[in-house]
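Next comes query-v2.txt, a file with compact mmCIF, C-alpha atoms.
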# COMPACT_ATOMS: atom_id res chain seq x y z
CA MET A 1385 134.74 58.73 -158.20
CA SER A 1386 137.41 56.10 -157.71
CA GLU A 1387 137.61 53.05 -159.96
CA PRO A 1388 135.71 49.91 -158.89
CA ILE A 1389 137.58 46.92 -157.62
CA GLY A 1390 138.95 45.01 -160.59
CA SER A 1391 138.90 41.40 -161.72
CA ALA A 1392 137.68 38.51 -159.63
CA ALA A 1393 139.95 37.59 -156.74
CA PRO A 1394 139.91 34.47 -154.52
CA GLU A 1395 137.89 36.40 -151.95
CA THR A 1396 134.98 36.72 -154.38
CA GLY A 1397 134.69 33.04 -155.13
CA GLY A 1398 135.92 33.61 -158.68
CA ILE A 1399 133.00 35.89 -159.59
CA ALA A 1400 133.86 39.12 -161.41
CA ASN A 1401 131.94 42.14 -160.12
CA PRO A 1402 130.01 40.52 -157.26
CA PRO A 1403 127.16 42.57 -155.76
CA VAL A 1404 128.01 45.97 -154.30
CA ILE A 1405 126.82 46.74 -150.77
CA ILE A 1406 125.61 50.32 -150.22
CA LEU A 1407 125.04 51.55 -146.65
CA ILE A 1408 123.00 54.73 -146.40
CA GLU A 1409 123.93 56.98 -143.45
CA PRO A 1410 125.39 54.23 -141.25
CA GLN A 1411 125.61 55.48 -137.70
CA LEU A 1412 128.30 53.43 -135.97
CA GLY A 1413 131.74 52.39 -137.11
CA ASP A 1414 131.20 49.14 -135.20
CA ASN A 1415 128.27 48.27 -137.44
CA ILE A 1416 130.16 49.14 -140.61
CA GLY A 1417 133.03 46.90 -139.55
CA LYS A 1418 130.75 44.00 -138.70
CA ALA A 1419 128.99 44.42 -142.02
CA ALA A 1420 132.37 44.36 -143.79
CA ARG A 1421 133.24 41.14 -141.98
CA ALA A 1422 129.93 39.58 -143.05
CA MET A 1423 130.59 40.70 -146.62
CA LEU A 1424 133.97 39.02 -146.89
CA ASN A 1425 132.54 35.84 -145.34
CA CYS A 1426 130.35 35.71 -148.44
CA GLY A 1427 132.82 36.88 -151.10
CA LEU A 1428 131.57 40.47 -151.28
CA VAL A 1429 134.30 43.11 -151.37
CA ASP A 1430 132.81 46.36 -152.73
CA LEU A 1431 131.42 48.49 -149.87
CA ARG A 1432 130.07 52.01 -150.43
CA LEU A 1433 129.01 54.41 -147.69
CA VAL A 1434 126.70 57.38 -148.12
CA ARG A 1435 127.20 60.08 -145.49
CA PRO A 1436 128.50 57.91 -142.63
CA ARG A 1437 127.64 59.74 -139.42
CA ASP A 1438 131.07 59.41 -137.79
CA GLY A 1439 133.12 59.99 -140.91
CA TRP A 1440 135.64 57.81 -142.70
CA PRO A 1441 138.09 56.19 -142.14
CA ASN A 1442 136.86 54.86 -138.81
CA GLU A 1443 138.98 52.99 -136.28
CA ARG A 1444 135.99 51.18 -134.81
CA ALA A 1445 135.05 49.90 -138.25
CA THR A 1446 138.54 48.53 -138.81
CA ALA A 1447 138.59 46.83 -135.41
CA ASN A 1448 135.19 45.22 -135.88
CA ALA A 1449 135.97 44.04 -139.40
CA SER A 1450 138.23 41.41 -137.77
CA GLY A 1451 140.63 41.15 -140.70
CA ALA A 1452 138.31 41.96 -143.60
CA ASP A 1453 140.89 44.52 -144.70
CA ILE A 1454 140.22 44.19 -148.42
CA VAL A 1455 136.70 45.48 -147.78
CA ILE A 1456 137.67 48.28 -145.39
CA ASP A 1457 140.64 49.47 -147.44
CA ASN A 1458 138.59 49.74 -150.64
CA THR A 1459 135.49 51.30 -149.07
CA ARG A 1460 134.31 54.41 -150.90
CA VAL A 1461 132.37 57.30 -149.41
CA PHE A 1462 129.77 59.41 -151.20
CA GLU A 1463 127.71 62.47 -150.31
CA ARG A 1464 124.86 61.60 -152.66
CA GLU A 1465 123.03 58.31 -153.16
CA GLU A 1466 122.91 58.98 -156.88
CA ASP A 1467 126.72 58.99 -157.07
CA ALA A 1468 127.01 55.75 -155.10
CA LEU A 1469 124.64 54.04 -157.54
CA ALA A 1470 125.78 55.73 -160.75
CA ASP A 1471 127.73 52.82 -162.29
CA LEU A 1472 125.20 50.12 -161.32
CA ASN A 1473 122.67 48.62 -163.70
CA ARG A 1474 120.30 47.25 -161.06
CA VAL A 1475 119.75 48.14 -157.41
CA TYR A 1476 117.84 46.12 -154.83
CA VAL A 1477 116.61 47.93 -151.71
CA THR A 1478 116.22 46.10 -148.40
CA THR A 1479 113.27 46.89 -146.17
CA ALA A 1480 111.01 45.12 -143.70
CA ARG A 1481 108.09 47.52 -144.22
CA THR A 1482 105.22 47.48 -146.65
CA ARG A 1483 105.47 50.47 -148.97
CA ASP A 1484 103.12 52.14 -151.41
CA ALA A 1485 105.47 51.66 -154.37
CA ILE A 1486 104.59 48.89 -156.82
CA LYS A 1487 107.81 46.92 -157.23
CA PRO A 1488 108.96 43.30 -157.39
CA VAL A 1489 109.72 41.87 -153.94
CA PHE A 1490 112.43 39.26 -153.41
CA THR A 1491 113.44 37.20 -150.42
CA PRO A 1492 117.22 36.86 -149.97
CA LYS A 1493 116.99 33.30 -151.29
CA GLY A 1494 115.10 34.44 -154.37
CA LEU A 1495 117.37 37.42 -154.89
CA ALA A 1496 120.57 35.36 -155.15
CA PRO A 1497 119.82 33.62 -158.49
CA GLU A 1498 118.32 36.86 -159.81
CA MET A 1499 121.58 38.72 -159.14
CA ARG A 1500 123.68 35.91 -160.59
CA THR A 1501 121.62 35.97 -163.78
CA VAL A 1502 121.98 39.73 -164.12
CA ILE A 1503 125.72 39.64 -163.40
CA ALA A 1504 126.18 36.84 -165.95
CA ARG A 1505 124.82 39.26 -168.56
CA GLY A 1506 127.68 41.62 -167.71
CA GLU A 1507 125.62 44.01 -165.59
CA LYS A 1508 126.55 45.41 -162.18
CA VAL A 1509 124.19 45.12 -159.23
CA GLY A 1510 124.03 46.62 -155.77
CA VAL A 1511 122.05 46.04 -152.58
CA MET A 1512 121.08 49.10 -150.54
CA PHE A 1513 120.67 49.16 -146.76
CA GLY A 1514 119.20 52.06 -144.79
CA PRO A 1515 120.27 53.66 -141.49
CA GLU A 1516 120.24 51.38 -138.45
CA ARG A 1517 117.50 53.29 -136.66
CA THR A 1518 115.06 54.08 -139.46
CA GLY A 1519 115.86 51.86 -142.42
CA VAL A 1520 115.49 53.11 -145.97
CA ARG A 1521 113.13 55.95 -146.80
CA ASN A 1522 110.58 56.19 -149.58
CA GLU A 1523 112.99 58.08 -151.80
CA HIS A 1524 115.45 55.18 -151.53
CA ILE A 1525 112.75 52.70 -152.53
CA ALA A 1526 112.15 54.82 -155.60
CA MET A 1527 115.80 54.52 -156.59
CA GLY A 1528 115.68 50.72 -156.62
CA ASP A 1529 114.55 48.26 -159.26
CA ALA A 1530 113.14 45.85 -156.66
CA VAL A 1531 112.69 45.39 -152.92
CA VAL A 1532 114.24 42.71 -150.72
CA THR A 1533 112.36 41.60 -147.61
CA VAL A 1534 113.48 38.91 -145.18
CA PRO A 1535 110.57 36.68 -144.11
CA LEU A 1536 110.83 36.68 -140.32
CA ASN A 1537 108.55 36.58 -137.28
CA PRO A 1538 105.84 39.13 -138.22
CA GLY A 1539 105.81 40.33 -134.63
CA PHE A 1540 109.53 41.14 -134.61
CA THR A 1541 111.40 41.71 -137.87
CA SER A 1542 114.17 43.95 -136.54
CA LEU A 1543 117.69 43.09 -137.70
CA ASN A 1544 120.95 44.86 -137.04
CA LEU A 1545 122.94 46.04 -140.04
CA ALA A 1546 125.48 43.21 -140.09
CA GLN A 1547 122.75 40.58 -139.75
CA ALA A 1548 120.90 42.01 -142.72
CA VAL A 1549 124.07 42.12 -144.84
CA LEU A 1550 124.95 38.56 -143.85
CA LEU A 1551 121.53 37.21 -144.81
CA ILE A 1552 121.82 38.67 -148.31
CA GLY A 1553 125.47 37.68 -148.65
CA TYR A 1554 124.93 34.14 -147.40
CA GLU A 1555 122.24 33.38 -149.95
CA TRP A 1556 124.40 34.94 -152.68
CA TRP A 1557 127.35 32.74 -151.76
CA GLN A 1558 125.32 29.56 -151.31
CA ALA A 1559 123.74 29.97 -154.74
CA GLY A 1560 127.19 29.52 -156.27
CA VAL A 1561 128.57 26.80 -153.98
CA ASP A 1562 128.41 23.17 -155.03
CA ALA A 1563 128.50 21.74 -151.51
CA PRO A 1564 126.51 18.75 -150.23
CA ASP A 1565 123.80 19.49 -147.69
CA TYR A 1566 125.18 16.67 -145.56
CA GLN A 1567 128.47 14.84 -145.31
CA MET A 1568 130.15 12.62 -142.76
CA MET A 1569 133.65 13.62 -141.61
CA MET A 1570 135.77 10.46 -141.78
CA ASN A 1571 139.22 11.83 -140.90
CA ASP A 1572 141.65 8.89 -141.32
CA THR A 1573 139.06 6.11 -141.51
CA PHE A 1574 136.37 5.12 -144.01
CA PRO A 1575 132.82 3.76 -143.94
CA ALA A 1576 132.48 0.22 -142.69
CA THR A 1577 131.96 -2.35 -145.43
CA LYS A 1578 129.20 -4.93 -145.31
CA ASP A 1579 131.89 -7.50 -144.56
CA ASP A 1580 133.05 -5.41 -141.56
CA MET A 1581 129.48 -5.30 -140.29
CA GLU A 1582 128.83 -9.00 -140.83
CA ARG A 1583 131.97 -9.92 -138.88
CA LEU A 1584 130.83 -7.60 -136.08
CA PHE A 1585 127.38 -9.20 -135.97
CA VAL A 1586 128.75 -12.75 -135.96
CA HIS A 1587 131.22 -11.81 -133.22
CA LEU A 1588 128.57 -10.10 -131.10
CA GLU A 1589 125.96 -12.83 -131.57
CA THR A 1590 128.49 -15.53 -130.70
CA GLU A 1591 129.28 -13.83 -127.40
CA LEU A 1592 125.62 -13.12 -126.68
CA ASP A 1593 124.89 -16.81 -127.31
CA ALA A 1594 127.63 -17.82 -124.89
CA SER A 1595 126.23 -15.52 -122.21
CA GLY A 1596 122.71 -16.94 -122.57
CA PHE A 1597 121.19 -13.80 -124.09
CA PHE A 1598 119.18 -15.78 -126.66
CA ARG A 1599 117.35 -17.86 -124.07
CA VAL A 1600 114.12 -18.26 -126.04
CA GLU A 1601 115.00 -19.90 -129.35
CA GLU A 1602 111.87 -18.83 -131.23
CA LYS A 1603 112.67 -15.18 -130.44
CA ARG A 1604 116.25 -15.41 -131.70
CA PRO A 1605 115.63 -14.31 -135.34
CA ASN A 1606 113.68 -11.22 -134.33
CA MET A 1607 116.22 -10.26 -131.66
CA GLN A 1608 119.07 -10.67 -134.14
CA ARG A 1609 117.28 -8.44 -136.65
CA ASN A 1610 116.71 -5.77 -133.98
CA ILE A 1611 120.38 -5.81 -132.97
CA ARG A 1612 121.52 -5.54 -136.58
CA ASN A 1613 119.10 -2.69 -137.27
CA ILE A 1614 120.50 -0.74 -134.31
CA PHE A 1615 124.06 -0.90 -135.62
CA ASN A 1616 123.17 -0.48 -139.30
CA ARG A 1617 121.39 2.80 -138.53
CA ALA A 1618 124.58 4.11 -136.90
CA ASN A 1619 126.53 4.32 -140.22
CA LEU A 1620 129.65 3.04 -138.50
CA THR A 1621 133.17 3.56 -139.78
CA HIS A 1622 135.73 0.78 -140.13
CA GLN A 1623 137.55 2.07 -137.05
CA GLU A 1624 134.35 2.18 -135.00
CA VAL A 1625 133.62 -1.45 -135.89
CA GLN A 1626 137.12 -2.42 -134.77
CA THR A 1627 136.59 -0.52 -131.51
CA LEU A 1628 133.28 -2.29 -130.85
CA ARG A 1629 134.85 -5.67 -131.48
CA GLY A 1630 137.66 -4.79 -129.12
CA MET A 1631 135.07 -3.89 -126.48
CA ILE A 1632 133.38 -7.26 -126.95
CA VAL A 1633 136.69 -9.03 -126.43
CA ALA A 1634 137.42 -6.93 -123.32
CA MET A 1635 134.01 -7.64 -121.76
CA ARG A 1636 134.61 -11.34 -122.32
CA GLY A 1637 137.83 -10.98 -120.38
CA GLY A 1638 140.21 -11.18 -123.31
CA LYS A 1639 143.24 -8.96 -123.84
CA HIS A 1640 143.75 -9.12 -127.58
CA LYS A 1641 142.08 -7.75 -130.70
CA PRO A 1642 139.80 -10.11 -132.67
CA LYS A 1643 141.80 -12.14 -135.18
CA ASP A 1644 139.32 -11.70 -138.01
Rewrite the coordinates I just gave you, this time as structure tokens.
Amino acid sequence: MSEPIGSAAPETGGIANPPVIILIEPQLGDNIGKAARAMLNCGLVDLRLVRPRDGWPNERATANASGADIVIDNTRVFEREEDALADLNRVYVTTARTRDAIKPVFTPKGLAPEMRTVIARGEKVGVMFGPERTGVRNEHIAMGDAVVTVPLNPGFTSLNLAQAVLLIGYEWWQAGVDAPDYQMMMNDTFPATKDDMERLFVHLETELDASGFFRVEEKRPNMQRNIRNIFNRANLTHQEVQTLRGMIVAMRGGKHKPKD
């Protein structure tokens, strides 16, 4: 057997020995390549094939990997599942079917922290995927320490190989990424300050007053609050406030930016 890929590289997100992906009897080079692409998207670089139907190397796999060369170039091929798993401490087997074996069952989201905990102890882990047409067999389930099942529409749980790899890889990667669930892209501007907003409101209300918008004086406070709520909900940037004020000037017939 060849040596495993060495120390953590940028492609792995700085994690030494990220999970190994094992494909059992993959049928199409296209699917292997797409799986390799999904792997590198998620910082996984160690791909092992057991009895690929069309042999290896495979031009279709390389083409469909779309530049995931580090995965394709380091792919290893085995004749026996036992050899592909020999250096691993824990193996997780993916399947959508209920089996007779009594084993722990993870979702991809639950599997990610489990694998990170095991790897942090210095152990090596792998995730096994079965053939495209049949999935893993009972003997493969027996080789694993736990099962991974993706909770999908019970009436249609079929996934192609690359989709299945991506689901596992995505949750693995996300478990180690400190990224906000939401952020606003500001480019070259910045959020409007309360002073920006107050100047906008005064400017707008002055022009609305001049146009006769606030015809009923007793309704003025409520109408002003409604207008302010509309714009406050928009989370405007400084540049957007300036643009709105320029629009107000233009509608009034002016040609210059507001002085304040």
**Message:** Which residues are near Leu1424 (chain A)? Cut-off 12 Å, only C-alpha atoms, ignore same chain within fewer than 3 positions. Put them as a PyMOL selection string.
**Reply:** chain A and resi 1393-1397+1402-1405+1417-1421+1427-1431+1449-1456+1546+1549-1550+1553-1554+1556-1557
**Item:** Pick from A:Ala1445, A:Leu1545, A:Ala1530, A:Asn1401, whichever lies nearest to Gly1506 (chain A) using all atoms listed in the file
**Value:**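 Checking each of A:Ala1445, A:Leu1545, A:Ala1530, A:Asn1401 against Gly1506 (chain A), counting all atoms listed in the file, the winner is A:Asn1401.
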**Pairwise distance for CA of Ala1400 (chain A) and CA of Pro1535 (chain A), rounded to one decimal in Å** = 29.1 Å
**Request:** Choose the residue, out of A:Val1586, A:Val1511, A:Leu1469, A:Val1534, that has the smallest atom-to-atom separation from Thr1491 (chain A); count all atoms listed in the file.
**Result:** A:Val1534
**Request:** Could you check how far CA of Val1532 (chain A) sits from CA of Leu1407 (chain A), in Å to one decimal?
**Result:**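 These two atoms are separated by 14.5 Å.
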**Item:** Among the residues A:Ala1485, A:Leu1536, A:Leu1551, A:Leu1495, the one that comes closest to Asn1522 (chain A) [using all atoms listed in the file]
**Value:**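 Looking only at the distances to Asn1522 (chain A), the closest residue turns out to be A:Ala1485.
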**Asked** In terms of the shortest atom-to-atom distance over all atoms listed in the file, which of A:Thr1459, A:Thr1590, A:Asn1448, A:Asn1613 is closest to Ala1422 (chain A)?
**Response**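 Smallest distance to Ala1422 (chain A) is found for A:Asn1448.
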Six-sided padding of 4 Å per side, axis-aligned box over region 1452-1466 of chain A, centre and edges in Å, one decimal, as JSON:
{"center_x": 131.9, "center_y": 52.2, "center_z": -150.2, "size_x": 26.0, "size_y": 28.5, "size_z": 21.3}
Would you kindly return, as a PDB file with C-alpha atoms, keeping the file's coordinate frame, each protein, DNA or RNA residue with an atom no farther than 7 Å from any atom of Ala1559 (chain A), considering all atoms listed in the file and excluding same-chain residues fewer than 3 positions away?
ATOM      1  CA  ALA A1496     120.570  35.360-155.150  1.00  0.00           C
ATOM      2  CA  PRO A1497     119.820  33.620-158.490  1.00  0.00           C
ATOM      3  CA  GLU A1555     122.240  33.380-149.950  1.00  0.00           C
ATOM      4  CA  TRP A1556     124.400  34.940-152.680  1.00  0.00           C
TER       5      TRP A1556
END
**Request:** One decimal, Å: what's the distance from CA of Arg1437 (chain A) over to CA of Leu1412 (chain A), could you say?
**Result:** 7.2 Å
Just region 1594-1625 of chain A, please, as a PDB file, in the first residue's frame (only N, CA and C atoms).
ATOM      1  N   ALA A1594     -43.930  70.228   2.370  1.00  0.00           N
ATOM      2  CA  ALA A1594     -44.080  71.247   1.325  1.00  0.00           C
ATOM      3  C   ALA A1594     -45.040  70.812   0.238  1.00  0.00           C
ATOM      4  N   SER A1595     -45.130  69.500   0.021  1.00  0.00           N
ATOM      5  CA  SER A1595     -46.023  69.009  -1.038  1.00  0.00           C
ATOM      6  C   SER A1595     -47.445  68.785  -0.551  1.00  0.00           C
ATOM      7  N   GLY A1596     -47.674  69.000   0.766  1.00  0.00           N
ATOM      8  CA  GLY A1596     -49.019  68.819   1.305  1.00  0.00           C
ATOM      9  C   GLY A1596     -49.350  67.402   1.697  1.00  0.00           C
ATOM     10  N   PHE A1597     -48.328  66.562   1.853  1.00  0.00           N
ATOM     11  CA  PHE A1597     -48.574  65.152   2.192  1.00  0.00           C
ATOM     12  C   PHE A1597     -49.223  65.013   3.565  1.00  0.00           C
ATOM     13  N   PHE A1598     -48.770  65.813   4.530  1.00  0.00           N
ATOM     14  CA  PHE A1598     -49.324  65.743   5.883  1.00  0.00           C
ATOM     15  C   PHE A1598     -50.513  66.701   5.992  1.00  0.00           C
ATOM     16  N   ARG A1599     -51.576  66.363   5.305  1.00  0.00           N
ATOM     17  CA  ARG A1599     -52.736  67.265   5.264  1.00  0.00           C
ATOM     18  C   ARG A1599     -53.517  67.272   6.572  1.00  0.00           C
ATOM     19  N   VAL A1600     -53.597  66.139   7.227  1.00  0.00           N
ATOM     20  CA  VAL A1600     -54.355  66.039   8.474  1.00  0.00           C
ATOM     21  C   VAL A1600     -53.365  66.062   9.637  1.00  0.00           C
ATOM     22  N   GLU A1601     -53.338  67.160  10.370  1.00  0.00           N
ATOM     23  CA  GLU A1601     -52.306  67.380  11.372  1.00  0.00           C
ATOM     24  C   GLU A1601     -52.303  66.317  12.463  1.00  0.00           C
ATOM     25  N   GLU A1602     -53.483  65.848  12.876  1.00  0.00           N
ATOM     26  CA  GLU A1602     -53.513  64.868  13.971  1.00  0.00           C
ATOM     27  C   GLU A1602     -52.947  63.507  13.547  1.00  0.00           C
ATOM     28  N   LYS A1603     -52.880  63.272  12.219  1.00  0.00           N
ATOM     29  CA  LYS A1603     -52.326  62.012  11.730  1.00  0.00           C
ATOM     30  C   LYS A1603     -50.821  62.075  11.494  1.00  0.00           C
ATOM     31  N   ARG A1604     -50.259  63.282  11.566  1.00  0.00           N
ATOM     32  CA  ARG A1604     -48.849  63.475  11.250  1.00  0.00           C
ATOM     33  C   ARG A1604     -47.924  62.559  12.072  1.00  0.00           C
ATOM     34  N   PRO A1605     -48.031  62.516  13.410  1.00  0.00           N
ATOM     35  CA  PRO A1605     -47.083  61.685  14.176  1.00  0.00           C
ATOM     36  C   PRO A1605     -47.089  60.213  13.761  1.00  0.00           C
ATOM     37  N   ASN A1606     -48.291  59.669  13.555  1.00  0.00           N
ATOM     38  CA  ASN A1606     -48.366  58.261  13.170  1.00  0.00           C
ATOM     39  C   ASN A1606     -47.790  58.035  11.777  1.00  0.00           C
ATOM     40  N   MET A1607     -48.048  58.944  10.861  1.00  0.00           N
ATOM     41  CA  MET A1607     -47.520  58.819   9.501  1.00  0.00           C
ATOM     42  C   MET A1607     -45.997  58.925   9.502  1.00  0.00           C
ATOM     43  N   GLN A1608     -45.464  59.830  10.327  1.00  0.00           N
ATOM     44  CA  GLN A1608     -44.010  59.964  10.411  1.00  0.00           C
ATOM     45  C   GLN A1608     -43.374  58.683  10.968  1.00  0.00           C
ATOM     46  N   ARG A1609     -44.021  58.109  11.993  1.00  0.00           N
ATOM     47  CA  ARG A1609     -43.495  56.858  12.546  1.00  0.00           C
ATOM     48  C   ARG A1609     -43.503  55.749  11.499  1.00  0.00           C
ATOM     49  N   ASN A1610     -44.587  55.655  10.730  1.00  0.00           N
ATOM     50  CA  ASN A1610     -44.671  54.617   9.694  1.00  0.00           C
ATOM     51  C   ASN A1610     -43.575  54.783   8.649  1.00  0.00           C
ATOM     52  N   ILE A1611     -43.340  56.016   8.227  1.00  0.00           N
ATOM     53  CA  ILE A1611     -42.300  56.284   7.228  1.00  0.00           C
ATOM     54  C   ILE A1611     -40.929  55.891   7.781  1.00  0.00           C
ATOM     55  N   ARG A1612     -40.663  56.269   9.017  1.00  0.00           N
ATOM     56  CA  ARG A1612     -39.370  55.957   9.620  1.00  0.00           C
ATOM     57  C   ARG A1612     -39.190  54.449   9.793  1.00  0.00           C
ATOM     58  N   ASN A1613     -40.260  53.759  10.164  1.00  0.00           N
ATOM     59  CA  ASN A1613     -40.169  52.302  10.308  1.00  0.00           C
ATOM     60  C   ASN A1613     -39.828  51.627   8.983  1.00  0.00           C
ATOM     61  N   ILE A1614     -40.403  52.124   7.895  1.00  0.00           N
ATOM     62  CA  ILE A1614     -40.127  51.549   6.575  1.00  0.00           C
ATOM     63  C   ILE A1614     -38.631  51.604   6.279  1.00  0.00           C
ATOM     64  N   PHE A1615     -38.031  52.771   6.479  1.00  0.00           N
ATOM     65  CA  PHE A1615     -36.622  52.927   6.122  1.00  0.00           C
ATOM     66  C   PHE A1615     -35.690  52.291   7.153  1.00  0.00           C
ATOM     67  N   ASN A1616     -36.087  52.287   8.414  1.00  0.00           N
ATOM     68  CA  ASN A1616     -35.238  51.645   9.429  1.00  0.00           C
ATOM     69  C   ASN A1616     -35.150  50.138   9.221  1.00  0.00           C
ATOM     70  N   ARG A1617     -36.227  49.516   8.746  1.00  0.00           N
ATOM     71  CA  ARG A1617     -36.203  48.080   8.487  1.00  0.00           C
ATOM     72  C   ARG A1617     -35.275  47.720   7.335  1.00  0.00           C
ATOM     73  N   ALA A1618     -34.966  48.685   6.481  1.00  0.00           N
ATOM     74  CA  ALA A1618     -34.179  48.418   5.270  1.00  0.00           C
ATOM     75  C   ALA A1618     -32.680  48.270   5.542  1.00  0.00           C
ATOM     76  N   ASN A1619     -32.217  48.615   6.760  1.00  0.00           N
ATOM     77  CA  ASN A1619     -30.775  48.521   7.077  1.00  0.00           C
ATOM     78  C   ASN A1619     -29.930  49.207   6.005  1.00  0.00           C
ATOM     79  N   LEU A1620     -30.211  50.445   5.766  1.00  0.00           N
ATOM     80  CA  LEU A1620     -29.555  51.189   4.688  1.00  0.00           C
ATOM     81  C   LEU A1620     -28.078  51.428   4.972  1.00  0.00           C
ATOM     82  N   THR A1621     -27.320  51.544   3.884  1.00  0.00           N
ATOM     83  CA  THR A1621     -25.917  51.950   3.997  1.00  0.00           C
ATOM     84  C   THR A1621     -25.824  53.463   3.864  1.00  0.00           C
ATOM     85  N   HIS A1622     -24.650  54.001   4.213  1.00  0.00           N
ATOM     86  CA  HIS A1622     -24.422  55.440   4.077  1.00  0.00           C
ATOM     87  C   HIS A1622     -24.642  55.880   2.628  1.00  0.00           C
ATOM     88  N   GLN A1623     -24.131  55.101   1.674  1.00  0.00           N
ATOM     89  CA  GLN A1623     -24.283  55.465   0.272  1.00  0.00           C
ATOM     90  C   GLN A1623     -25.742  55.423  -0.159  1.00  0.00           C
ATOM     91  N   GLU A1624     -26.501  54.465   0.326  1.00  0.00           N
ATOM     92  CA  GLU A1624     -27.921  54.381  -0.030  1.00  0.00           C
ATOM     93  C   GLU A1624     -28.695  55.583   0.506  1.00  0.00           C
ATOM     94  N   VAL A1625     -28.340  56.045   1.707  1.00  0.00           N
ATOM     95  CA  VAL A1625     -28.988  57.238   2.261  1.00  0.00           C
ATOM     96  C   VAL A1625     -28.692  58.448   1.383  1.00  0.00           C
TER      97      VAL A1625
END
